[in-house]
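Peer 1: Encoded as structure tokens, here's the structure I'll be asking about.
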Amino acid sequence: MDSTYVFIALAAVFGLLVLATALFWVRRTQLRRTLGTFDASICFPPGGWRMGVCRYTDTHLEWLRLFSLSPRPPHRFLRSSLEVKGWRQPTEAERARIQPGALVVTLEYEGRELLMAMKYDVYTGLSSWLEAGPVIGIGTWR
């Protein structure tokens, strides 16, 4: 009788793992199919890199964790407050923590530096999106 309970408990745990994996896969597939999304790791110095997906909206750049079931982004950056400071090749230590072939883009958001790792074509899209930002006031750009 005890082995029946152990078997049921193990089957339930296995079922939950399969369900969680399927939900992660569905969320990831939905994010990648949405127009205006791209893979990007993020780092707030001196912290470490976290893998995720960025999504453009009209007024914000949203970053969502890759391994999460939450539909809400933990980081939202106001488009008019983001500024590209430059890009560089990743260091050897960073290469192990970000996607292959990515470069490190330095951004400034409200006086705070943040790093994003993305492919070069994604970087050109991001910089174009920021430069084409909406007019804030009369006679000003961005």
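Following the order of the structure tokens, chains are lettered A, B, ..., residues in each are numbered from 1, and ligands are numbered from 1.
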Skipping near chain neighbours, those fewer than 2 positions away, what residues fall within 9 Å of region 16-25 of chain A using only C-alpha atoms, listed as a PyMOL selection string?
Peer 2: chain A and resi 11-14+27-30+66-69
Peer 1: Considering only helix (DSSP H, G or I) as DSSP defines it on the backbone, what residues of chain A qualify? List them as a PyMOL selection string.
Peer 2: chain A and resi 2-33+79-81+92-95+120-131
Peer 1: Can you spit out the residues from that selection as an mmCIF file, in the first residue's frame, using C-alpha atoms?
Peer 2:
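Below is the file that was written, again-v4.cif:
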data_model
loop_
_atom_site.group_PDB
_atom_site.id
_atom_site.type_symbol
_atom_site.label_atom_id
_atom_site.label_comp_id
_atom_site.auth_asym_id
_atom_site.auth_seq_id
_atom_site.Cartn_x
_atom_site.Cartn_y
_atom_site.Cartn_z
ATOM 1 C CA ASP A 2 2.893 2.372 0.764
ATOM 2 C CA SER A 3 4.386 1.790 -2.683
ATOM 3 C CA THR A 4 1.083 2.894 -4.261
ATOM 4 C CA TYR A 5 1.315 6.293 -2.542
ATOM 5 C CA VAL A 6 4.936 6.678 -3.588
ATOM 6 C CA PHE A 7 4.035 5.825 -7.183
ATOM 7 C CA ILE A 8 1.128 8.316 -7.181
ATOM 8 C CA ALA A 9 3.355 11.045 -5.718
ATOM 9 C CA LEU A 10 6.101 10.426 -8.296
ATOM 10 C CA ALA A 11 3.558 10.365 -11.131
ATOM 11 C CA ALA A 12 2.087 13.659 -9.917
ATOM 12 C CA VAL A 13 5.526 15.297 -9.725
ATOM 13 C CA PHE A 14 6.395 14.005 -13.198
ATOM 14 C CA GLY A 15 3.058 15.265 -14.540
ATOM 15 C CA LEU A 16 3.687 18.726 -13.051
ATOM 16 C CA LEU A 17 7.150 18.845 -14.620
ATOM 17 C CA VAL A 18 5.739 17.926 -18.032
ATOM 18 C CA LEU A 19 2.989 20.550 -17.650
ATOM 19 C CA ALA A 20 5.467 23.272 -16.600
ATOM 20 C CA THR A 21 7.746 22.428 -19.531
ATOM 21 C CA ALA A 22 4.818 22.600 -21.943
ATOM 22 C CA LEU A 23 3.714 25.969 -20.521
ATOM 23 C CA PHE A 24 7.261 27.365 -20.860
ATOM 24 C CA TRP A 25 7.371 26.180 -24.460
ATOM 25 C CA VAL A 26 3.948 27.692 -25.305
ATOM 26 C CA ARG A 27 4.877 31.040 -23.715
ATOM 27 C CA ARG A 28 8.207 31.142 -25.540
ATOM 28 C CA THR A 29 6.565 30.284 -28.859
ATOM 29 C CA GLN A 30 3.922 32.996 -28.389
ATOM 30 C CA LEU A 31 6.558 35.597 -27.515
ATOM 31 C CA ARG A 32 8.672 34.755 -30.549
ATOM 32 C CA ARG A 33 5.699 34.858 -32.929
ATOM 33 C CA ARG A 79 11.196 54.952 -25.071
ATOM 34 C CA SER A 80 11.968 58.652 -24.692
ATOM 35 C CA SER A 81 14.240 57.980 -21.676
ATOM 36 C CA GLU A 92 35.346 35.968 -22.612
ATOM 37 C CA ALA A 93 33.457 35.810 -19.311
ATOM 38 C CA GLU A 94 30.348 37.333 -20.927
ATOM 39 C CA ARG A 95 30.397 34.944 -23.892
ATOM 40 C CA TYR A 120 23.829 43.061 -34.604
ATOM 41 C CA ASP A 121 20.702 43.223 -36.801
ATOM 42 C CA VAL A 122 18.562 43.529 -33.672
ATOM 43 C CA TYR A 123 20.833 46.336 -32.449
ATOM 44 C CA THR A 124 20.309 48.279 -35.687
ATOM 45 C CA GLY A 125 16.548 47.830 -35.303
ATOM 46 C CA LEU A 126 16.650 49.019 -31.698
ATOM 47 C CA SER A 127 18.711 52.101 -32.498
ATOM 48 C CA SER A 128 16.393 52.957 -35.421
ATOM 49 C CA TRP A 129 13.335 52.499 -33.174
ATOM 50 C CA LEU A 130 14.836 54.840 -30.571
ATOM 51 C CA GLU A 131 15.865 57.479 -33.135
#
Peer 1: Determine, for each residue of region 95-127 of chain A having at least one atom at most 6 Å from an atom of region 36-45 of chain A, the closest pair of atoms and their separation in Å to one decimal, counting only C-alpha atoms; order by chain and ascending number, as JSON lines.
Peer 2:
{"residue": "A:Leu114", "atom": "CA", "partner": "A:Phe44", "partner_atom": "CA", "distance": 4.8}
{"residue": "A:Leu115", "atom": "CA", "partner": "A:Cys43", "partner_atom": "CA", "distance": 5.0}
{"residue": "A:Met116", "atom": "CA", "partner": "A:Ile42", "partner_atom": "CA", "distance": 4.6}
{"residue": "A:Ala117", "atom": "CA", "partner": "A:Ser41", "partner_atom": "CA", "distance": 5.0}
{"residue": "A:Met118", "atom": "CA", "partner": "A:Ala40", "partner_atom": "CA", "distance": 5.0}
Peer 1: Emit the selected residues as a compact mmCIF listing (two decimals), in the first residue's frame, including all heavy atoms.
Peer 2:
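As a result, result-v3.txt now contains:
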# COMPACT_ATOMS: atom_id res chain seq x y z
N LEU A 114 22.64 50.32 -18.27
CA LEU A 114 22.27 48.92 -18.37
C LEU A 114 22.87 48.36 -19.64
O LEU A 114 23.13 49.08 -20.59
CB LEU A 114 20.75 48.73 -18.34
CG LEU A 114 19.93 49.22 -19.52
CD1 LEU A 114 19.22 48.02 -20.15
CD2 LEU A 114 18.89 50.19 -19.02
N LEU A 115 23.12 47.07 -19.62
CA LEU A 115 23.71 46.38 -20.75
C LEU A 115 22.70 45.39 -21.31
O LEU A 115 22.01 44.72 -20.56
CB LEU A 115 24.98 45.63 -20.33
CG LEU A 115 26.08 46.44 -19.66
CD1 LEU A 115 27.18 45.53 -19.16
CD2 LEU A 115 26.63 47.47 -20.62
N MET A 116 22.65 45.31 -22.63
CA MET A 116 21.82 44.31 -23.29
C MET A 116 22.67 43.60 -24.32
O MET A 116 23.43 44.23 -25.04
CB MET A 116 20.61 44.94 -23.98
CG MET A 116 19.49 45.29 -23.08
SD MET A 116 18.02 45.66 -24.04
CE MET A 116 16.83 45.72 -22.73
N ALA A 117 22.52 42.29 -24.37
CA ALA A 117 23.23 41.49 -25.36
C ALA A 117 22.24 41.07 -26.42
O ALA A 117 21.17 40.53 -26.12
CB ALA A 117 23.85 40.26 -24.70
N MET A 118 22.57 41.37 -27.68
CA MET A 118 21.68 41.07 -28.80
C MET A 118 22.48 40.92 -30.07
O MET A 118 23.65 41.31 -30.12
CB MET A 118 20.63 42.18 -28.95
CG MET A 118 21.23 43.55 -29.26
SD MET A 118 20.07 44.92 -29.18
CE MET A 118 19.76 45.05 -27.44
Peer 1: Could you check the closest approach to Glu108 (chain A) for each of A:Phe77, A:Trp63, A:Tyr56, A:Trp49 and tell me which residue wins, using only C-alpha atoms?
Peer 2: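 Of the candidates, the smallest distance to Glu108 (chain A) is held by A:Phe77.
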Peer 1: Excluding Arg88 (chain A) and its own-chain neighbours fewer than 3 positions away, which residues fall within 10 Å of it when counting only C-alpha atoms? Please give them as a PyMOL selection string.
Peer 2: chain A and resi 91+102-106+117
Peer 1: Considering only C-alpha atoms, state which residue in the set A:Lys119, A:Lys85, A:Arg112, A:His75 is at the smallest distance from Pro100 (chain A).
Peer 2: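 The shortest atom-to-atom distance to Pro100 (chain A) comes from A:Lys119.
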Peer 1: Report, in Å to a single decimal, how far apart CA of Glu110 (chain A) and CA of Gly86 (chain A) are.
Peer 2: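 Taking CA of Gly86 (chain A) as the start and CA of Glu110 (chain A) as the end point, the length is 16.3 Å.
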Peer 1: What are the DSSP strand (DSSP E) residues of chain A, as a PyMOL selection string?
Peer 2: chain A and resi 37-39+41-43+52-56+60-65+75-78+82-88+103-109+112-118
Peer 1: Between CA of Arg65 (chain A) and CA of Val53 (chain A), what is the distance, to one decimal in Å?
Peer 2: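 Spanning CA of Arg65 (chain A) to CA of Val53 (chain A) is a straight-line distance of 6.5 Å.
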Peer 1: So how far away is CA of Gln89 (chain A) from CA of Pro73 (chain A), in Å?
Peer 2: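 One can read the CA of Pro73 (chain A) to CA of Gln89 (chain A) distance as 26.8 Å.
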